[in-house]
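Asks: Next up, target-v9.txt (compact mmCIF, C-alpha atoms).
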```txt
# COMPACT_ATOMS: atom_id res chain seq x y z
CA MET A 809 0.00 0.00 0.00
CA THR A 810 2.74 2.45 0.82
CA GLU A 811 3.80 4.63 -2.03
CA GLY A 812 7.28 4.82 -0.66
CA HIS A 813 7.95 8.49 -0.11
CA ASP A 814 10.71 8.80 2.45
CA SER A 815 9.04 6.14 4.53
CA GLY A 816 12.31 4.86 5.92
CA LYS A 817 12.24 1.72 8.02
CA ARG A 818 9.79 2.96 10.61
CA GLY A 819 6.91 5.39 10.58
CA TRP A 820 4.87 6.83 7.78
CA PRO A 821 5.94 9.18 5.00
CA LEU A 822 5.39 12.91 5.31
CA TRP A 823 2.79 14.78 3.25
CA GLU A 824 2.27 18.50 2.66
CA VAL A 825 -1.30 19.69 2.98
CA PHE A 826 -2.94 22.44 0.93
CA VAL A 827 -6.42 23.71 1.72
CA ARG A 828 -8.65 25.98 -0.29
CA PRO A 829 -10.66 28.17 2.09
CA ARG A 830 -14.36 28.63 1.54
CA ARG A 831 -13.95 31.98 -0.19
CA GLY A 832 -10.40 31.49 -1.38
CA LEU A 833 -9.36 31.11 -4.99
CA ALA A 834 -6.19 29.13 -4.45
CA HIS A 835 -5.13 26.26 -2.25
CA GLN A 836 -2.79 27.39 0.50
CA HIS A 837 -0.17 25.41 2.33
CA VAL A 838 -1.39 24.78 5.87
CA GLY A 839 1.08 22.26 7.25
CA SER A 840 2.19 18.67 7.00
CA LEU A 841 1.35 15.28 8.45
CA HIS A 842 2.22 11.60 8.35
CA ALA A 843 0.13 8.99 6.56
CA PRO A 844 0.75 5.55 5.10
CA ASP A 845 -0.60 6.48 1.65
CA ALA A 846 -2.37 9.21 -0.30
CA ALA A 847 -5.93 8.17 0.56
CA MET A 848 -5.16 8.15 4.27
CA ALA A 849 -3.21 11.41 3.97
CA LEU A 850 -6.31 13.07 2.56
CA ARG A 851 -8.43 11.80 5.44
CA ASN A 852 -5.86 12.77 8.05
CA ALA A 853 -5.69 16.21 6.49
CA ARG A 854 -9.46 16.50 6.77
CA ASP A 855 -9.28 15.61 10.45
CA VAL A 856 -6.25 17.69 11.36
CA TYR A 857 -6.71 20.81 9.24
CA THR A 858 -10.39 21.29 8.36
CA ARG A 859 -12.33 20.30 11.45
CA ARG A 860 -13.27 23.88 12.22
CA GLY A 861 -14.70 24.48 8.77
CA GLU A 862 -11.50 25.92 7.31
CA GLY A 863 -11.82 24.56 3.83
CA VAL A 864 -13.78 23.13 0.94
CA SER A 865 -11.00 21.39 -0.94
CA ILE A 866 -7.82 19.60 0.10
CA TRP A 867 -4.67 18.61 -1.77
CA VAL A 868 -1.99 16.37 -0.31
CA VAL A 869 1.44 16.10 -1.88
CA PRO A 870 4.31 13.83 -0.83
CA SER A 871 6.85 16.09 0.87
CA SER A 872 9.57 14.29 -1.07
CA ALA A 873 8.06 15.66 -4.31
CA ILE A 874 8.86 19.23 -3.29
CA MET A 875 12.03 20.80 -4.67
CA ALA A 876 13.20 23.63 -2.44
CA ASN A 877 15.97 26.16 -2.96
CA SER A 878 18.98 25.87 -0.72
CA PRO A 879 19.59 28.47 2.00
CA ASP A 880 23.09 28.88 0.49
CA GLU A 881 21.49 30.24 -2.66
CA LYS A 882 19.52 32.86 -0.77
CA ASP A 883 21.64 35.82 -1.86
CA PRO A 884 21.81 35.10 -5.60
CA PHE A 885 18.14 34.09 -5.58
CA PHE A 886 16.57 36.99 -3.75
CA ASP A 887 18.98 39.89 -3.21
CA PRO A 888 18.92 41.16 -6.82
CA ALA A 889 15.20 41.87 -6.46
CA GLN A 890 15.71 44.19 -3.49
CA ASP A 891 16.76 47.35 -5.40
CA LYS A 892 14.48 47.15 -8.45
CA VAL A 893 11.72 49.44 -7.26
CA TYR A 894 10.67 50.06 -10.88
CA ARG A 895 9.32 46.50 -10.92
CA HIS A 896 6.54 47.54 -8.58
CA PRO A 897 3.50 48.90 -10.39
CA THR A 898 3.55 52.15 -8.42
CA PHE A 899 4.77 54.51 -11.15
CA TYR A 900 1.62 54.55 -13.21
CA ASP A 901 -1.26 56.96 -13.00
CA VAL A 902 -4.50 55.06 -12.89
CA PRO A 903 -6.43 56.08 -16.02
CA GLU A 904 -9.66 57.81 -15.31
CA GLY A 905 -12.62 55.48 -15.40
CA ALA A 906 -10.60 52.34 -14.71
CA LYS A 907 -12.25 50.60 -11.80
CA GLN A 908 -9.29 48.36 -11.15
CA LEU A 909 -6.03 47.35 -12.71
CA MET B 822 -32.43 8.55 40.95
CA SER B 823 -35.36 6.57 39.66
CA GLY B 824 -34.80 3.93 37.02
CA VAL B 825 -35.74 4.35 33.40
CA ARG B 826 -38.25 1.50 33.27
CA THR B 827 -41.12 3.94 33.52
CA LEU B 828 -39.96 6.12 30.63
CA PRO B 829 -42.39 6.85 27.79
CA PRO B 830 -41.45 4.69 24.76
CA LEU B 831 -40.11 7.60 22.71
CA ALA B 832 -37.93 8.78 25.59
CA ALA B 833 -36.65 5.23 26.10
CA TYR B 834 -35.84 4.98 22.40
CA ALA B 835 -33.95 8.29 22.35
CA LEU B 836 -32.12 7.27 25.52
CA ALA B 837 -31.05 3.92 24.04
CA LEU B 838 -29.62 5.55 20.91
CA GLY B 839 -28.08 8.35 22.96
CA ASP B 840 -26.43 5.91 25.37
CA ASP B 841 -24.89 4.00 22.44
CA ALA B 842 -23.32 7.22 21.20
CA LEU B 843 -22.28 8.47 24.64
CA ILE B 844 -20.56 5.29 25.76
CA LEU B 845 -18.72 4.79 22.49
CA ALA B 846 -17.59 8.43 22.59
CA GLN B 847 -16.11 7.80 26.03
CA ARG B 848 -14.35 4.63 24.82
CA LEU B 849 -12.89 6.34 21.74
CA GLY B 850 -11.71 9.23 23.90
CA GLU B 851 -9.46 6.76 25.71
CA TRP B 852 -7.35 6.56 22.55
CA VAL B 853 -6.29 10.19 22.76
CA ALA B 854 -2.52 10.24 23.24
CA HIS B 855 -2.41 6.44 22.80
CA ALA B 856 -3.17 5.94 19.10
CA PRO B 857 -0.45 4.62 16.78
CA GLN B 858 0.14 8.13 15.38
CA ILE B 859 -0.89 11.61 16.44
CA GLU B 860 -2.96 11.92 13.25
CA GLU B 861 -4.97 8.90 14.37
CA ASP B 862 -5.42 10.44 17.83
CA VAL B 863 -7.11 13.37 16.14
CA ALA B 864 -9.21 11.17 13.85
CA LEU B 865 -10.56 9.05 16.71
CA ALA B 866 -11.17 12.13 18.88
CA ASN B 867 -13.13 13.73 16.04
CA ILE B 868 -15.30 10.65 15.75
CA ALA B 869 -15.79 10.62 19.52
CA LEU B 870 -16.86 14.26 19.49
CA ASP B 871 -19.35 13.65 16.67
CA LEU B 872 -20.86 10.85 18.75
CA LEU B 873 -20.92 13.03 21.84
CA GLY B 874 -22.86 15.66 19.88
CA GLN B 875 -25.42 13.03 18.85
CA ALA B 876 -25.65 11.84 22.45
CA ARG B 877 -26.30 15.36 23.72
CA THR B 878 -29.23 15.83 21.35
CA LEU B 879 -30.70 12.42 22.15
CA LEU B 880 -30.28 12.60 25.93
CA SER B 881 -31.66 16.14 26.08
CA TYR B 882 -34.63 14.99 24.02
CA ALA B 883 -35.21 11.96 26.25
CA GLY B 884 -35.20 14.23 29.30
CA GLU B 885 -37.60 16.64 27.62
CA ILE B 886 -40.11 13.90 26.83
CA GLU B 887 -39.78 12.33 30.24
CA GLN B 888 -40.77 15.65 31.87
CA ALA B 889 -39.11 14.78 35.14
CA GLY B 890 -36.67 17.66 35.06
CA ARG B 891 -33.62 15.62 34.06
CA ASP B 892 -31.30 17.28 31.56
CA GLU B 893 -28.51 15.78 29.46
CA ASP B 894 -26.01 16.07 32.31
CA ASP B 895 -28.29 14.37 34.82
CA LEU B 896 -28.85 11.53 32.40
CA ALA B 897 -25.19 11.16 31.45
CA TYR B 898 -23.60 11.61 34.85
CA LEU B 899 -26.10 10.56 37.50
CA ARG B 900 -27.40 7.22 36.29
CA ASP B 901 -25.91 3.91 37.42
CA ASP B 902 -24.95 1.16 35.01
CA ARG B 903 -28.26 -0.72 35.26
CA ASP B 904 -30.04 2.39 34.00
CA PHE B 905 -27.93 2.64 30.85
CA ARG B 906 -29.62 1.34 27.71
CA ASN B 907 -26.67 0.99 25.33
CA VAL B 908 -25.82 -2.24 23.56
CA GLN B 909 -22.86 -4.09 25.04
CA LEU B 910 -20.84 -3.63 21.84
CA VAL B 911 -20.03 0.00 22.67
CA GLU B 912 -18.89 -0.66 26.24
CA ILE B 913 -16.39 -3.46 25.61
CA PRO B 914 -12.78 -2.35 26.15
CA ASN B 915 -10.87 -0.86 23.24
CA GLY B 916 -8.46 -3.79 23.02
CA ASP B 917 -5.74 -3.19 20.45
CA PHE B 918 -6.21 -0.87 17.48
CA ALA B 919 -7.70 -3.70 15.38
CA VAL B 920 -10.41 -4.42 17.98
CA THR B 921 -11.33 -0.73 18.05
CA ILE B 922 -11.46 -0.57 14.26
CA ALA B 923 -13.52 -3.78 14.05
CA ARG B 924 -16.03 -2.35 16.54
CA GLN B 925 -16.06 0.93 14.64
CA LEU B 926 -16.80 -0.81 11.34
CA VAL B 927 -19.69 -2.76 12.87
CA PHE B 928 -21.16 0.19 14.73
CA SER B 929 -20.69 2.89 12.08
CA ALA B 930 -22.19 0.67 9.40
CA TYR B 931 -25.15 0.05 11.74
CA GLN B 932 -25.53 3.76 12.60
CA TYR B 933 -25.39 4.65 8.93
CA GLU B 934 -28.39 2.44 8.21
CA LEU B 935 -30.12 3.65 11.38
CA TYR B 936 -29.84 7.36 10.60
CA THR B 937 -30.68 6.79 6.95
CA ALA B 938 -33.92 5.16 8.11
CA LEU B 939 -34.59 7.93 10.65
CA LEU B 940 -34.37 10.58 7.92
CA GLY B 941 -37.96 9.58 7.21
CA SER B 942 -39.06 9.51 10.86
CA GLY B 943 -42.36 11.17 11.74
CA ASP B 944 -40.60 12.71 14.74
CA ALA B 945 -39.05 16.05 13.76
CA THR B 946 -36.25 15.91 16.34
CA LEU B 947 -35.13 12.42 15.33
CA ALA B 948 -35.37 13.25 11.63
CA GLY B 949 -33.42 16.47 12.16
CA LEU B 950 -30.69 14.72 14.10
CA ALA B 951 -30.50 12.00 11.45
CA GLY B 952 -29.97 14.60 8.71
CA LYS B 953 -26.89 15.92 10.45
CA ALA B 954 -25.61 12.65 11.86
CA VAL B 955 -25.81 10.59 8.69
CA LYS B 956 -23.01 12.70 7.14
CA GLU B 957 -20.86 12.34 10.25
CA VAL B 958 -21.39 8.61 10.35
CA ALA B 959 -20.62 8.21 6.64
CA TYR B 960 -17.17 9.53 7.47
CA HIS B 961 -16.78 7.29 10.55
CA ARG B 962 -17.66 4.31 8.41
CA ASP B 963 -15.20 5.30 5.72
CA HIS B 964 -12.45 5.75 8.31
CA ALA B 965 -13.04 2.25 9.64
CA VAL B 966 -13.19 0.76 6.15
CA GLN B 967 -9.88 2.34 5.15
CA TRP B 968 -8.21 0.68 8.10
CA VAL B 969 -9.92 -2.68 7.71
CA LEU B 970 -8.75 -2.83 4.10
CA ARG B 971 -5.19 -1.86 4.94
CA LEU B 972 -4.84 -4.15 7.94
CA GLY B 973 -6.80 -7.06 6.49
CA ASP B 974 -5.01 -6.98 3.15
CA GLY B 975 -1.66 -5.81 4.56
CA THR B 976 1.01 -8.00 6.10
CA GLU B 977 0.58 -11.45 7.57
CA LEU B 978 0.71 -9.96 11.06
CA SER B 979 -1.75 -7.14 10.37
CA HIS B 980 -4.14 -9.61 8.75
CA ALA B 981 -4.01 -11.96 11.74
CA ARG B 982 -4.58 -9.14 14.21
CA MET B 983 -7.44 -7.62 12.20
CA GLN B 984 -9.09 -11.04 12.00
CA ALA B 985 -8.63 -11.48 15.77
CA GLY B 986 -10.22 -8.06 16.29
CA LEU B 987 -13.26 -9.06 14.26
CA ASP B 988 -13.53 -12.37 16.12
CA GLN B 989 -13.52 -10.55 19.43
CA VAL B 990 -16.20 -8.05 18.42
CA TRP B 991 -18.58 -10.22 16.44
CA PRO B 992 -20.48 -11.84 19.35
CA TYR B 993 -21.76 -8.34 20.17
CA THR B 994 -23.17 -7.53 16.71
CA GLU B 995 -26.44 -9.47 16.96
CA GLU B 996 -27.68 -7.30 19.81
CA LEU B 997 -27.84 -4.26 17.53
CA PHE B 998 -30.71 -5.83 15.66
CA ASP B 999 -32.80 -7.08 18.57
CA PRO B 1000 -36.36 -5.72 18.60
CA ALA B 1001 -36.69 -2.24 20.10
CA SER B 1002 -39.73 -0.37 21.34
CA GLN B 1003 -42.58 -0.37 18.86
CA LEU B 1004 -42.97 3.16 17.55
CA PRO B 1005 -44.20 2.72 13.98
CA GLY B 1006 -43.36 5.64 11.71
CA ILE B 1007 -41.08 7.15 14.36
CA ALA B 1008 -38.43 4.62 15.37
CA ALA B 1009 -36.49 2.42 12.97
CA ASP B 1010 -37.22 -1.28 13.40
CA PRO B 1011 -33.71 -2.69 14.01
CA ALA B 1012 -34.45 -5.88 12.06
CA THR B 1013 -35.05 -3.85 8.89
CA LEU B 1014 -31.56 -2.32 9.16
CA ARG B 1015 -29.92 -5.70 9.06
CA PRO B 1016 -29.90 -6.64 5.33
CA ALA B 1017 -28.16 -3.45 4.16
CA TRP B 1018 -25.72 -3.63 7.09
CA GLU B 1019 -24.94 -7.24 6.29
CA ARG B 1020 -24.36 -6.52 2.60
CA TYR B 1021 -22.07 -3.61 3.34
CA VAL B 1022 -19.98 -5.30 6.01
CA THR B 1023 -19.70 -8.53 4.03
CA SER B 1024 -18.38 -6.74 0.96
CA VAL B 1025 -15.80 -4.82 3.01
CA LEU B 1026 -14.56 -8.00 4.70
CA SER B 1027 -14.30 -9.87 1.44
CA GLU B 1028 -12.36 -7.01 -0.19
CA ALA B 1029 -10.06 -7.00 2.85
CA LYS B 1030 -9.58 -10.78 2.52
CA LEU B 1031 -11.01 -11.33 6.01
CA ASP B 1032 -13.46 -13.99 7.16
CA LYS B 1033 -16.77 -13.04 8.66
CA PRO B 1034 -16.65 -14.60 12.13
CA GLU B 1035 -19.23 -17.17 13.17
CA PRO B 1036 -19.31 -16.73 16.92
CA ARG B 1037 -20.68 -19.49 19.15
CA TRP B 1038 -22.34 -17.09 21.57
CA ARG B 1039 -23.98 -13.68 21.43
CA SER B 1040 -24.47 -10.82 23.87
CA ARG B 1041 -27.92 -9.88 25.14
CA GLY B 1042 -29.64 -7.42 27.36
CA GLY B 1043 -27.88 -4.06 27.04
CA ARG B 1044 -31.16 -2.38 26.11
CA ASP B 1045 -32.66 -3.79 29.33
CA GLY B 1046 -29.83 -2.49 31.47
CA LEU B 1047 -27.84 -5.74 31.58
CA HIS B 1048 -24.20 -4.93 30.95
CA THR B 1049 -20.72 -6.38 31.04
CA GLU B 1050 -18.57 -5.68 34.06
CA HIS B 1051 -16.70 -3.12 31.95
CA LEU B 1052 -19.48 -0.52 31.94
CA GLY B 1053 -19.25 0.22 35.66
CA HIS B 1054 -15.56 1.00 35.37
CA LEU B 1055 -16.15 3.22 32.35
CA LEU B 1056 -18.88 5.11 34.20
CA SER B 1057 -16.78 5.60 37.31
CA GLU B 1058 -14.23 7.42 35.19
CA MET B 1059 -16.77 9.31 33.09
CA GLN B 1060 -18.95 10.37 36.03
CA HIS B 1061 -16.30 10.98 38.65
CA LEU B 1062 -15.90 14.72 38.19
CA HIS B 1063 -19.59 15.48 38.00
CA ARG B 1064 -20.42 13.37 41.04
CA THR B 1065 -17.56 14.90 43.04
CA HIS B 1066 -18.54 18.47 42.15
CA PRO B 1067 -22.27 18.39 41.42
CA GLY B 1068 -23.38 21.24 39.20
CA ALA B 1069 -19.84 22.50 38.58
CA THR B 1070 -19.47 24.69 35.49
CA TRP B 1071 -16.49 26.01 33.59
```
Would it be possible to restate this file's structure as structure tokens?
Replies:
Amino acid sequence: MTEGHDSGKRGWPLWEVFVRPRRGLAHQHVGSLHAPDAAMALRNARDVYTRRGEGVSIWVVPSSAIMANSPDEKDPFFDPAQDKVYRHPTFYDVPEGAKQL
Amino acid sequence: MSGVRTLPPLAAYALALGDDALILAQRLGEWVAHAPQIEEDVALANIALDLLGQARTLLSYAGEIEQAGRDEDDLAYLRDDRDFRNVQLVEIPNGDFAVTIARQLVFSAYQYELYTALLGSGDATLAGLAGKAVKEVAYHRDHAVQWVLRLGDGTELSHARMQAGLDQVWPYTEELFDPASQLPGIAADPATLRPAWERYVTSVLSEAKLDKPEPRWRSRGGRDGLHTEHLGHLLSEMQHLHRTHPGATW
């Protein structure tokens, strides 16, 4: 039954849980949990993360499927964006009559 | 506290169903901090709280009909074991995880048929409760099925333990379908719930490669206040605080 994500010798693999709130447009990461397989992960997510009516849709993803940047790459990844104020859409006059941009 | 033998039939019926839910909620609560994983702690606690909610509605309603001034707390915390009307299935000890799951499969599948039947009850309170509870119980049943399939059709060890869990629980199943008070159009006749329950449970067991046990004895009498020795111990824990500090509130 196990789908073999980082299960190791003991314990269950880790899953990341994404929940779409009632009025939300996108699923948001809410946390992680252990489960033996995807079907059980979905049920555990329901019990752990939506029991106060937080959501209307759940995704679970094996944590091992997530590719994350390394902390060592933090500077080259993110620093260059710090001084490019012109990338923010704050230099435009909103045309008259436009309700939103 | 007077016994419940004098209760009006509808109050007795509500009390019986409420006691089933209350006692099983208490049993499932014992798993908190003891389940195989913290996720399972939360799952079993959620199921327990759903059952507790059903019990509150049913016990309050029983007290209302009885018109003797007993509320849900009086009924839950101030009755002795002989006045409880639950089937023995819900009071037996949790055993290992497989015993708990076997009991949950049997009981949730039964409650699913029960509440489905009560959707059409002529009693507005019972029908209203059923509308809410049937969705809760559908999830409880699914939770049990997921585990029965994984344990039954898992490893040699998990299969053996799941089968042992079923064998331990099965003598208590028959009692669920014993005749209850006759309230045509209001109560669900337990015997009519049996065929759909049987079909459902049989198909789950066969998919899980488990044998349906054929016990050589069966429990009797929970609805008449005859219980196993385990109920008294459960009640002493459940009722201790309320009996020590009567009327205490948060």
Asks: Return as a list in words the residues belonging to chain B that are within 7 Å of chain A, counting all atoms listed in the file.
Replies: Glu860, Val863 and Ala864 of chain B
Asks: For a test of reading the model, state the distance in Å between atom CA of Ile868 of chain B and atom CA of Pro1036 of chain B, rounded to one decimal.
Replies: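 Separating atom CA of Ile868 of chain B from atom CA of Pro1036 of chain B is a distance of 27.7 Å.
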Asks: Quick one: pull the distance between atom CA of Ala1008 of chain B and atom CA of Gly890 of chain B, Å, one decimal.
Replies: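 Interatomic distance, atom CA of Ala1008 of chain B to atom CA of Gly890 of chain B: 23.7 Å.
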Asks: I need every residue sitting at most 9 Å from the point (-28.2, 3.7, 23.1) (coordinates as in the file, only C-alpha atoms considered), written as a PyMOL selection string.
Replies: chain B and resi 834-844+876+905-908+911+1043-1044
Asks: Of the candidates B:Ala897, B:Ala1001, B:Leu970, B:Leu870, which one gets nearest to Ala846 of chain B if we count all atoms listed in the file?
Replies: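 Residue with the minimum atom-to-atom distance to Ala846 of chain B: B:Leu870.
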Asks: Report the distance between atom CA of Leu926 of chain B and atom CA of Ala965 of chain B in Å, rounded to one decimal place.
Replies: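 Distance between the two atoms: 5.1 Å.
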Asks: For Tyr1021 of chain B, which residue out of B:Leu935, B:Leu1062, B:Leu1004, B:Val927 is the nearest one, using all atoms listed in the file?
Replies: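 Smallest separation from Tyr1021 of chain B among the options: B:Val927.
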Asks: If we count all atoms listed in the file and set the cut-off at 8 Å, which residues sit around Gly839 of chain A, ignoring sequence neighbours fewer than 4 positions away in its own chain? Please answer as JSON, numbers by chain.
Replies: {"A": [824, 825, 826]}
Asks: Store the residues picked out above, limited to C-alpha atoms, as a PDB file, in the frame of the given file.
Replies:
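Result file follows (selection_35.pdb):
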```pdb
ATOM      1  CA  GLU A 824       2.270  18.500   2.660  1.00  0.00           C
ATOM      2  CA  VAL A 825      -1.300  19.690   2.980  1.00  0.00           C
ATOM      3  CA  PHE A 826      -2.940  22.440   0.930  1.00  0.00           C
TER       4      PHE A 826
END
```
Asks: Go through B:Val1022, B:Thr1013, B:Pro1034, B:Arg1039 and flag the residue nearest Glu995 of chain B, using all atoms listed in the file for the distances.
Replies: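 Closest residue, counting all atoms listed in the file: B:Arg1039.
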Asks: Quick one: of A:Gly863, A:Met875, A:Pro897, A:Ala906, who's nearest to Arg831 of chain A, counting all atoms listed in the file?
Replies: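 Closest to Arg831 of chain A of all the choices is A:Gly863.
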